[in-house]
file query-v6.pdb (PDB, C-alpha atoms, pLDDT in the B column)
ATOM      1  CA  ASN A  14      -8.326  12.323  65.056  1.00 90.00           C
ATOM      2  CA  GLU A  15      -4.656  11.443  65.033  1.00 94.00           C
ATOM      3  CA  ARG A  16      -1.422  13.112  63.972  1.00 95.00           C
ATOM      4  CA  PHE A  17       0.244  11.160  61.173  1.00 96.00           C
ATOM      5  CA  SER A  18       2.474  11.437  58.141  1.00 96.00           C
ATOM      6  CA  PRO A  19       0.510  11.321  54.866  1.00 97.00           C
ATOM      7  CA  ARG A  20       3.600   9.937  53.143  1.00 97.00           C
ATOM      8  CA  GLU A  21       3.911   7.032  55.579  1.00 97.00           C
ATOM      9  CA  ARG A  22       0.173   6.256  55.214  1.00 96.00           C
ATOM     10  CA  CYS A  23       0.458   6.261  51.430  1.00 96.00           C
ATOM     11  CA  GLU A  24       3.610   4.124  51.505  1.00 95.00           C
ATOM     12  CA  THR A  25       1.818   1.425  53.519  1.00 94.00           C
ATOM     13  CA  LEU A  26      -1.397   1.762  51.519  1.00 94.00           C
ATOM     14  CA  LEU A  27      -0.005   1.445  47.978  1.00 93.00           C
ATOM     15  CA  PRO A  28       1.298  -2.143  48.230  1.00 93.00           C
ATOM     16  CA  ARG A  29      -2.150  -3.250  49.458  1.00 93.00           C
ATOM     17  CA  LEU A  30      -4.037  -1.411  46.691  1.00 91.00           C
ATOM     18  CA  ALA A  31      -2.187  -2.543  43.598  1.00 88.00           C
ATOM     19  CA  PRO A  32       1.063  -4.375  44.341  1.00 91.00           C
ATOM     20  CA  GLU A  33       1.622  -5.174  40.666  1.00 93.00           C
ATOM     21  CA  ARG A  34       1.285  -1.473  39.745  1.00 93.00           C
ATOM     22  CA  ALA A  35       3.490   0.057  42.457  1.00 88.00           C
ATOM     23  CA  ALA A  36       5.969   1.336  39.855  1.00 93.00           C
ATOM     24  CA  ASP A  37       3.148   3.348  38.218  1.00 96.00           C
ATOM     25  CA  VAL A  38       2.614   5.489  41.339  1.00 96.00           C
ATOM     26  CA  GLU A  39       4.963   8.295  42.318  1.00 96.00           C
ATOM     27  CA  LEU A  40       4.730   9.863  45.781  1.00 97.00           C
ATOM     28  CA  GLN A  41       5.708  13.526  45.958  1.00 97.00           C
ATOM     29  CA  ILE A  42       5.022  14.033  49.654  1.00 97.00           C
ATOM     30  CA  ASP A  43       7.436  15.604  52.120  1.00 95.00           C
ATOM     31  CA  PRO A  44       8.268  12.908  54.702  1.00 96.00           C
ATOM     32  CA  ALA A  45       8.282  15.594  57.424  1.00 95.00           C
ATOM     33  CA  LEU A  46       4.706  16.718  56.683  1.00 95.00           C
ATOM     34  CA  GLU A  47       2.171  15.728  59.349  1.00 94.00           C
ATOM     35  CA  ILE A  48      -1.558  16.320  59.542  1.00 94.00           C
ATOM     36  CA  VAL A  49      -4.208  15.810  62.201  1.00 93.00           C
ATOM     37  CA  THR A  50      -7.332  14.078  60.940  1.00 94.00           C
ATOM     38  CA  ASP A  51      -9.050  10.682  60.921  1.00 95.00           C
ATOM     39  CA  PRO A  52      -6.479   8.332  59.362  1.00 95.00           C
ATOM     40  CA  ASP A  53      -9.039   5.712  58.326  1.00 95.00           C
ATOM     41  CA  ALA A  54     -11.198   8.221  56.441  1.00 94.00           C
ATOM     42  CA  PHE A  55      -8.048   9.707  54.894  1.00 95.00           C
ATOM     43  CA  GLU A  56      -7.001   6.239  53.674  1.00 95.00           C
ATOM     44  CA  ARG A  57     -10.442   5.565  52.188  1.00 94.00           C
ATOM     45  CA  VAL A  58     -10.332   8.747  50.113  1.00 96.00           C
ATOM     46  CA  VAL A  59      -6.744   8.212  48.954  1.00 96.00           C
ATOM     47  CA  SER A  60      -7.430   4.536  48.172  1.00 95.00           C
ATOM     48  CA  ASN A  61     -10.410   5.419  46.002  1.00 94.00           C
ATOM     49  CA  LEU A  62      -8.513   8.105  44.105  1.00 95.00           C
ATOM     50  CA  VAL A  63      -5.419   5.984  43.462  1.00 95.00           C
ATOM     51  CA  VAL A  64      -7.416   2.921  42.392  1.00 93.00           C
ATOM     52  CA  ASN A  65      -9.503   5.072  40.019  1.00 92.00           C
ATOM     53  CA  ALA A  66      -6.376   6.677  38.554  1.00 94.00           C
ATOM     54  CA  LEU A  67      -4.816   3.256  37.944  1.00 94.00           C
ATOM     55  CA  ARG A  68      -8.053   1.864  36.506  1.00 91.00           C
ATOM     56  CA  TYR A  69      -9.182   4.741  34.292  1.00 90.00           C
ATOM     57  CA  GLY A  70      -6.060   6.846  33.732  1.00 92.00           C
ATOM     58  CA  SER A  71      -2.577   6.252  32.412  1.00 94.00           C
ATOM     59  CA  PRO A  72       0.689   6.238  34.346  1.00 95.00           C
ATOM     60  CA  PRO A  73       2.386   7.865  35.970  1.00 96.00           C
ATOM     61  CA  VAL A  74      -0.064   8.401  38.815  1.00 97.00           C
ATOM     62  CA  ILE A  75       1.343  11.188  40.956  1.00 97.00           C
ATOM     63  CA  VAL A  76       0.288  11.697  44.572  1.00 97.00           C
ATOM     64  CA  ARG A  77       1.437  15.033  45.970  1.00 97.00           C
ATOM     65  CA  CYS A  78       0.662  17.031  49.088  1.00 96.00           C
ATOM     66  CA  ARG A  79       1.173  20.497  50.416  1.00 90.00           C
ATOM     67  CA  ALA A  80       0.017  22.283  53.511  1.00 89.00           C
ATOM     68  CA  LYS A  81      -0.168  26.056  53.619  1.00 86.00           C
ATOM     69  CA  LYS A  82      -3.539  27.543  54.600  1.00 86.00           C
ATOM     70  CA  ALA A  83      -5.137  24.109  54.161  1.00 90.00           C
ATOM     71  CA  PHE A  84      -3.917  20.595  53.501  1.00 95.00           C
ATOM     72  CA  ARG A  85      -4.121  19.680  49.805  1.00 96.00           C
ATOM     73  CA  LEU A  86      -3.565  16.194  48.425  1.00 97.00           C
ATOM     74  CA  GLU A  87      -3.647  15.670  44.666  1.00 97.00           C
ATOM     75  CA  VAL A  88      -3.907  12.404  42.773  1.00 97.00           C
ATOM     76  CA  GLU A  89      -3.145  12.991  39.116  1.00 96.00           C
ATOM     77  CA  ASP A  90      -2.787  10.713  36.108  1.00 96.00           C
ATOM     78  CA  ARG A  91      -1.864  11.147  32.439  1.00 95.00           C
ATOM     79  CA  GLY A  92      -4.922   9.515  30.889  1.00 93.00           C
ATOM     80  CA  ARG A  93      -7.672  11.119  28.840  1.00 91.00           C
ATOM     81  CA  GLY A  94      -9.205  12.922  31.793  1.00 90.00           C
ATOM     82  CA  VAL A  95     -12.916  13.091  32.488  1.00 88.00           C
ATOM     83  CA  ASP A  96     -15.375  13.826  29.693  1.00 87.00           C
ATOM     84  CA  PRO A  97     -16.405  17.493  30.234  1.00 88.00           C
ATOM     85  CA  GLU A  98     -20.070  16.467  29.956  1.00 88.00           C
ATOM     86  CA  LEU A  99     -19.630  14.107  32.922  1.00 87.00           C
ATOM     87  CA  VAL A 100     -17.818  16.551  35.248  1.00 87.00           C
ATOM     88  CA  PRO A 101     -20.979  18.164  36.754  1.00 88.00           C
ATOM     89  CA  GLN A 102     -22.279  14.720  37.841  1.00 87.00           C
ATOM     90  CA  LEU A 103     -18.905  13.175  38.647  1.00 88.00           C
ATOM     91  CA  PHE A 104     -19.498  12.949  42.396  1.00 88.00           C
ATOM     92  CA  ASP A 105     -23.147  11.913  42.145  1.00 84.00           C
ATOM     93  CA  ARG A 106     -24.051   8.366  43.124  1.00 73.00           C
ATOM     94  CA  PHE A 107     -24.225   5.842  40.273  1.00 63.00           C
ATOM     95  CA  THR A 108     -22.415   8.094  37.785  1.00 55.00           C
ATOM     96  CA  ARG A 109     -20.315   6.170  35.280  1.00 53.00           C
ATOM     97  CA  GLY A 110     -18.864   7.324  32.001  1.00 51.00           C
ATOM     98  CA  LYS A 111     -19.547   5.809  28.583  1.00 50.00           C
ATOM     99  CA  HIS A 112     -15.924   4.651  28.494  1.00 49.00           C
ATOM    100  CA  ASP A 113     -16.462   2.587  31.667  1.00 46.00           C
ATOM    101  CA  ARG A 114     -19.287   0.619  30.095  1.00 42.00           C
ATOM    102  CA  SER A 115     -17.715   0.239  26.646  1.00 41.00           C
ATOM    103  CA  ALA A 116     -14.443  -0.940  28.183  1.00 41.00           C
ATOM    104  CA  GLY A 117     -16.309  -3.480  30.319  1.00 39.00           C
ATOM    105  CA  LEU A 118     -15.160  -1.834  33.554  1.00 38.00           C
ATOM    106  CA  SER A 119     -17.301  -2.852  36.481  1.00 40.00           C
ATOM    107  CA  GLY A 120     -18.473  -0.827  39.445  1.00 43.00           C
ATOM    108  CA  ALA A 121     -21.635   0.766  40.689  1.00 40.00           C
ATOM    109  CA  GLY A 122     -20.432   4.346  40.308  1.00 55.00           C
ATOM    110  CA  LEU A 123     -20.381   4.926  44.067  1.00 63.00           C
ATOM    111  CA  GLY A 124     -16.645   5.380  44.680  1.00 83.00           C
ATOM    112  CA  LEU A 125     -16.303   9.118  44.141  1.00 91.00           C
ATOM    113  CA  ALA A 126     -19.583   9.854  45.933  1.00 91.00           C
ATOM    114  CA  ILE A 127     -18.351   7.903  48.945  1.00 91.00           C
ATOM    115  CA  ALA A 128     -14.888   9.486  48.783  1.00 94.00           C
ATOM    116  CA  ARG A 129     -16.449  12.967  48.761  1.00 95.00           C
ATOM    117  CA  ALA A 130     -18.687  12.018  51.715  1.00 94.00           C
ATOM    118  CA  PHE A 131     -15.566  11.003  53.692  1.00 94.00           C
ATOM    119  CA  ALA A 132     -13.820  14.248  52.690  1.00 95.00           C
ATOM    120  CA  ASN A 133     -16.858  16.250  53.854  1.00 95.00           C
ATOM    121  CA  ALA A 134     -16.977  14.294  57.133  1.00 94.00           C
ATOM    122  CA  LEU A 135     -13.366  15.358  57.725  1.00 93.00           C
ATOM    123  CA  GLY A 136     -14.383  19.008  57.267  1.00 95.00           C
ATOM    124  CA  GLY A 137     -12.919  19.154  53.770  1.00 96.00           C
ATOM    125  CA  ASP A 138     -13.870  18.678  50.157  1.00 96.00           C
ATOM    126  CA  LEU A 139     -12.979  16.631  47.092  1.00 96.00           C
ATOM    127  CA  ARG A 140     -12.865  18.212  43.643  1.00 95.00           C
ATOM    128  CA  TYR A 141     -11.892  17.377  40.080  1.00 95.00           C
ATOM    129  CA  GLU A 142      -9.573  19.437  37.870  1.00 93.00           C
ATOM    130  CA  ALA A 143      -8.311  18.733  34.377  1.00 90.00           C
ATOM    131  CA  ALA A 144      -4.566  18.075  34.533  1.00 91.00           C
ATOM    132  CA  ALA A 145      -2.099  19.616  32.104  1.00 88.00           C
ATOM    133  CA  PRO A 146      -0.976  18.587  29.538  1.00 88.00           C
ATOM    134  CA  ALA A 147      -3.484  15.707  29.873  1.00 89.00           C
ATOM    135  CA  GLY A 148      -5.186  13.594  32.486  1.00 93.00           C
ATOM    136  CA  ALA A 149      -7.326  13.881  35.558  1.00 95.00           C
ATOM    137  CA  ARG A 150      -6.478  15.495  38.902  1.00 96.00           C
ATOM    138  CA  PHE A 151      -8.545  14.910  42.020  1.00 97.00           C
ATOM    139  CA  VAL A 152      -7.910  17.276  44.925  1.00 97.00           C
ATOM    140  CA  LEU A 153      -8.646  16.525  48.568  1.00 97.00           C
ATOM    141  CA  ARG A 154      -8.645  19.663  50.722  1.00 96.00           C
ATOM    142  CA  LEU A 155      -8.727  19.426  54.497  1.00 95.00           C
ATOM    143  CA  PRO A 156      -8.445  22.013  57.244  1.00 90.00           C
ATOM    144  CA  LEU A 157      -5.024  21.941  58.878  1.00 83.00           C
ATOM    145  CA  GLY A 158      -6.331  21.622  62.424  1.00 67.00           C
ATOM    146  CA  GLU A 159      -3.765  21.291  65.198  1.00 55.00           C
ATOM    147  CA  ARG A 160      -0.174  21.540  64.060  1.00 45.00           C
TER     148      ARG A 160
END

call {"tool": "encode", "arguments": {"input": "query-v6.pdb", "output": "structure tokens"}}
result
Amino acid sequence: NERFSPRERCETLLPRLAPERAADVELQIDPALEIVTDPDAFERVVSNLVVNALRYGSPPVIVRCRAKKAFRLEVEDRGRGVDPELVPQLFDRFTRGKHDRSAGLSGAGLGLAIARAFANALGGDLRYEAAAPAGARFVLRLPLGER
């Protein structure tokens, strides 16, 4: 585990993920915020969530963090959100929505299952929430650890 700034990690990660879509992502992370966790696992989860939001959602994609009793990172978009029928299986391996197939979007449906496995390995969890007024919000919660 290392102490690092989630904002700095996200700032270096975004240009590698989707350089042509950088303007679609808004970081709302306090530059002074630091956490102690595995930075590589953290990057894998954030990468998956941001890429999914850019692929399946609509801009803006907002990445925000807060740390009170636990660290909470949210990746939210303004797309259609997740079909309520799909939500219970969303983090299962090989789960893909009808929209993915009809839109010709490729992928094995492993991304969210892997992202949740990394979150669990860090002692945290990854959940889905419907965003208001529209869209999807994925929430990574991690214990604060050393401060």

call {"tool": "closest_residue", "arguments": {"input": "query-v6.pdb", "among": "A:Ala149, A:Leu135, A:Ile48, A:Ile42", "to": "Arg93 (chain A)", "atoms": "only C-alpha atoms"}}
result
A:Ala149

call {"tool": "closest_residue", "arguments": {"input": "query-v6.pdb", "among": "A:Tyr69, A:Phe104, A:Phe17, A:Phe131", "to": "Glu89 (chain A)", "atoms": "all atoms listed in the file"}}
result
A:Tyr69

call {"tool": "atom_distance", "arguments": {"input": "query-v6.pdb", "atom1": "CA of Ala31 (chain A)", "atom2": "CA of Val64 (chain A)"}}
result
7.7 Å

call {"tool": "residues_near_point", "arguments": {"input": "query-v6.pdb", "point": "(0.8, 7.2, 61.0)", "cutoff": "12 Å", "atoms": "only C-alpha atoms", "output": "list in words"}}
result
Asn14, Glu15, Arg16, Phe17, Ser18, Pro19, Arg20, Glu21, Arg22, Cys23, Glu24, Thr25, Leu26, Pro44, Ala45, Leu46, Glu47, Ile48, Val49, Thr50, Asp51, Pro52, Asp53, Phe55 and Glu56 of chain A

call {"tool": "atom_distance", "arguments": {"input": "query-v6.pdb", "atom1": "CA of Val100 (chain A)", "atom2": "CA of Val74 (chain A)"}}
result
19.9 Å

call {"tool": "closest_residue", "arguments": {"input": "query-v6.pdb", "among": "A:Pro156, A:Asn133, A:Arg29, A:Asp43", "to": "Cys78 (chain A)", "atoms": "only C-alpha atoms"}}
result
A:Asp43

call {"tool": "closest_residue", "arguments": {"input": "query-v6.pdb", "among": "A:Val95, A:Leu67, A:Val58, A:Leu30", "to": "Asp138 (chain A)", "atoms": "all atoms listed in the file"}}
result
A:Val58

call {"tool": "residues_around", "arguments": {"input": "query-v6.pdb", "residues": "Leu40 (chain A)", "least_positions_apart": "3", "cutoff": "7 Å", "atoms": "all atoms listed in the file", "output": "list in words"}}
result
Ile75, Val76 and Arg77 of chain A

call {"tool": "atom_distance", "arguments": {"input": "query-v6.pdb", "atom1": "CA of Arg79 (chain A)", "atom2": "CA of Leu157 (chain A)"}}
result
10.6 Å

call {"tool": "residues_near_point", "arguments": {"input": "query-v6.pdb", "point": "(-0.7, 9.2, 39.2)", "cutoff": "12 Å", "atoms": "all atoms listed in the file", "output": "PDB file with C-alpha atoms, keeping the file's coordinate frame"}}
result
ATOM      1  CA  LEU A  27      -0.005   1.445  47.978  1.00 93.00           C
ATOM      2  CA  ARG A  34       1.285  -1.473  39.745  1.00 93.00           C
ATOM      3  CA  ALA A  35       3.490   0.057  42.457  1.00 88.00           C
ATOM      4  CA  ALA A  36       5.969   1.336  39.855  1.00 93.00           C
ATOM      5  CA  ASP A  37       3.148   3.348  38.218  1.00 96.00           C
ATOM      6  CA  VAL A  38       2.614   5.489  41.339  1.00 96.00           C
ATOM      7  CA  GLU A  39       4.963   8.295  42.318  1.00 96.00           C
ATOM      8  CA  LEU A  40       4.730   9.863  45.781  1.00 97.00           C
ATOM      9  CA  GLN A  41       5.708  13.526  45.958  1.00 97.00           C
ATOM     10  CA  VAL A  59      -6.744   8.212  48.954  1.00 96.00           C
ATOM     11  CA  LEU A  62      -8.513   8.105  44.105  1.00 95.00           C
ATOM     12  CA  VAL A  63      -5.419   5.984  43.462  1.00 95.00           C
ATOM     13  CA  VAL A  64      -7.416   2.921  42.392  1.00 93.00           C
ATOM     14  CA  ASN A  65      -9.503   5.072  40.019  1.00 92.00           C
ATOM     15  CA  ALA A  66      -6.376   6.677  38.554  1.00 94.00           C
ATOM     16  CA  LEU A  67      -4.816   3.256  37.944  1.00 94.00           C
ATOM     17  CA  ARG A  68      -8.053   1.864  36.506  1.00 91.00           C
ATOM     18  CA  TYR A  69      -9.182   4.741  34.292  1.00 90.00           C
ATOM     19  CA  GLY A  70      -6.060   6.846  33.732  1.00 92.00           C
ATOM     20  CA  SER A  71      -2.577   6.252  32.412  1.00 94.00           C
ATOM     21  CA  PRO A  72       0.689   6.238  34.346  1.00 95.00           C
ATOM     22  CA  PRO A  73       2.386   7.865  35.970  1.00 96.00           C
ATOM     23  CA  VAL A  74      -0.064   8.401  38.815  1.00 97.00           C
ATOM     24  CA  ILE A  75       1.343  11.188  40.956  1.00 97.00           C
ATOM     25  CA  VAL A  76       0.288  11.697  44.572  1.00 97.00           C
ATOM     26  CA  ARG A  77       1.437  15.033  45.970  1.00 97.00           C
ATOM     27  CA  LEU A  86      -3.565  16.194  48.425  1.00 97.00           C
ATOM     28  CA  GLU A  87      -3.647  15.670  44.666  1.00 97.00           C
ATOM     29  CA  VAL A  88      -3.907  12.404  42.773  1.00 97.00           C
ATOM     30  CA  GLU A  89      -3.145  12.991  39.116  1.00 96.00           C
ATOM     31  CA  ASP A  90      -2.787  10.713  36.108  1.00 96.00           C
ATOM     32  CA  ARG A  91      -1.864  11.147  32.439  1.00 95.00           C
ATOM     33  CA  GLY A  92      -4.922   9.515  30.889  1.00 93.00           C
ATOM     34  CA  GLY A  94      -9.205  12.922  31.793  1.00 90.00           C
ATOM     35  CA  ALA A 144      -4.566  18.075  34.533  1.00 91.00           C
ATOM     36  CA  ALA A 147      -3.484  15.707  29.873  1.00 89.00           C
ATOM     37  CA  GLY A 148      -5.186  13.594  32.486  1.00 93.00           C
ATOM     38  CA  ALA A 149      -7.326  13.881  35.558  1.00 95.00           C
ATOM     39  CA  ARG A 150      -6.478  15.495  38.902  1.00 96.00           C
ATOM     40  CA  PHE A 151      -8.545  14.910  42.020  1.00 97.00           C
TER      41      PHE A 151
END

call {"tool": "resolve_selection", "arguments": {"input": "query-v6.pdb", "expression": "the PyMOL selection byres ((chain A and resi 84) around 6)", "output": "ChimeraX atom specification"}}
result
/A:79-80,83,85,154-155,157

call {"tool": "write_last_selection", "arguments": {"input": "query-v6.pdb", "atoms": "C-alpha atoms", "output": "CSV table (one decimal), in the coordinates of the input"}}
result
chain,number,residue,atom,x,y,z
A,79,ARG,CA,1.2,20.5,50.4
A,80,ALA,CA,0.0,22.3,53.5
A,83,ALA,CA,-5.1,24.1,54.2
A,85,ARG,CA,-4.1,19.7,49.8
A,154,ARG,CA,-8.6,19.7,50.7
A,155,LEU,CA,-8.7,19.4,54.5
A,157,LEU,CA,-5.0,21.9,58.9

call {"tool": "closest_residue", "arguments": {"input": "query-v6.pdb", "among": "A:Ala145, A:Val152, A:Ala128, A:Leu139", "to": "Ala54 (chain A)", "atoms": "all atoms listed in the file"}}
result
A:Ala128

call {"tool": "closest_residue", "arguments": {"input": "query-v6.pdb", "among": "A:Asn61, A:Pro101, A:Pro32, A:Ile127", "to": "Glu142 (chain A)", "atoms": "only C-alpha atoms"}}
result
A:Pro101
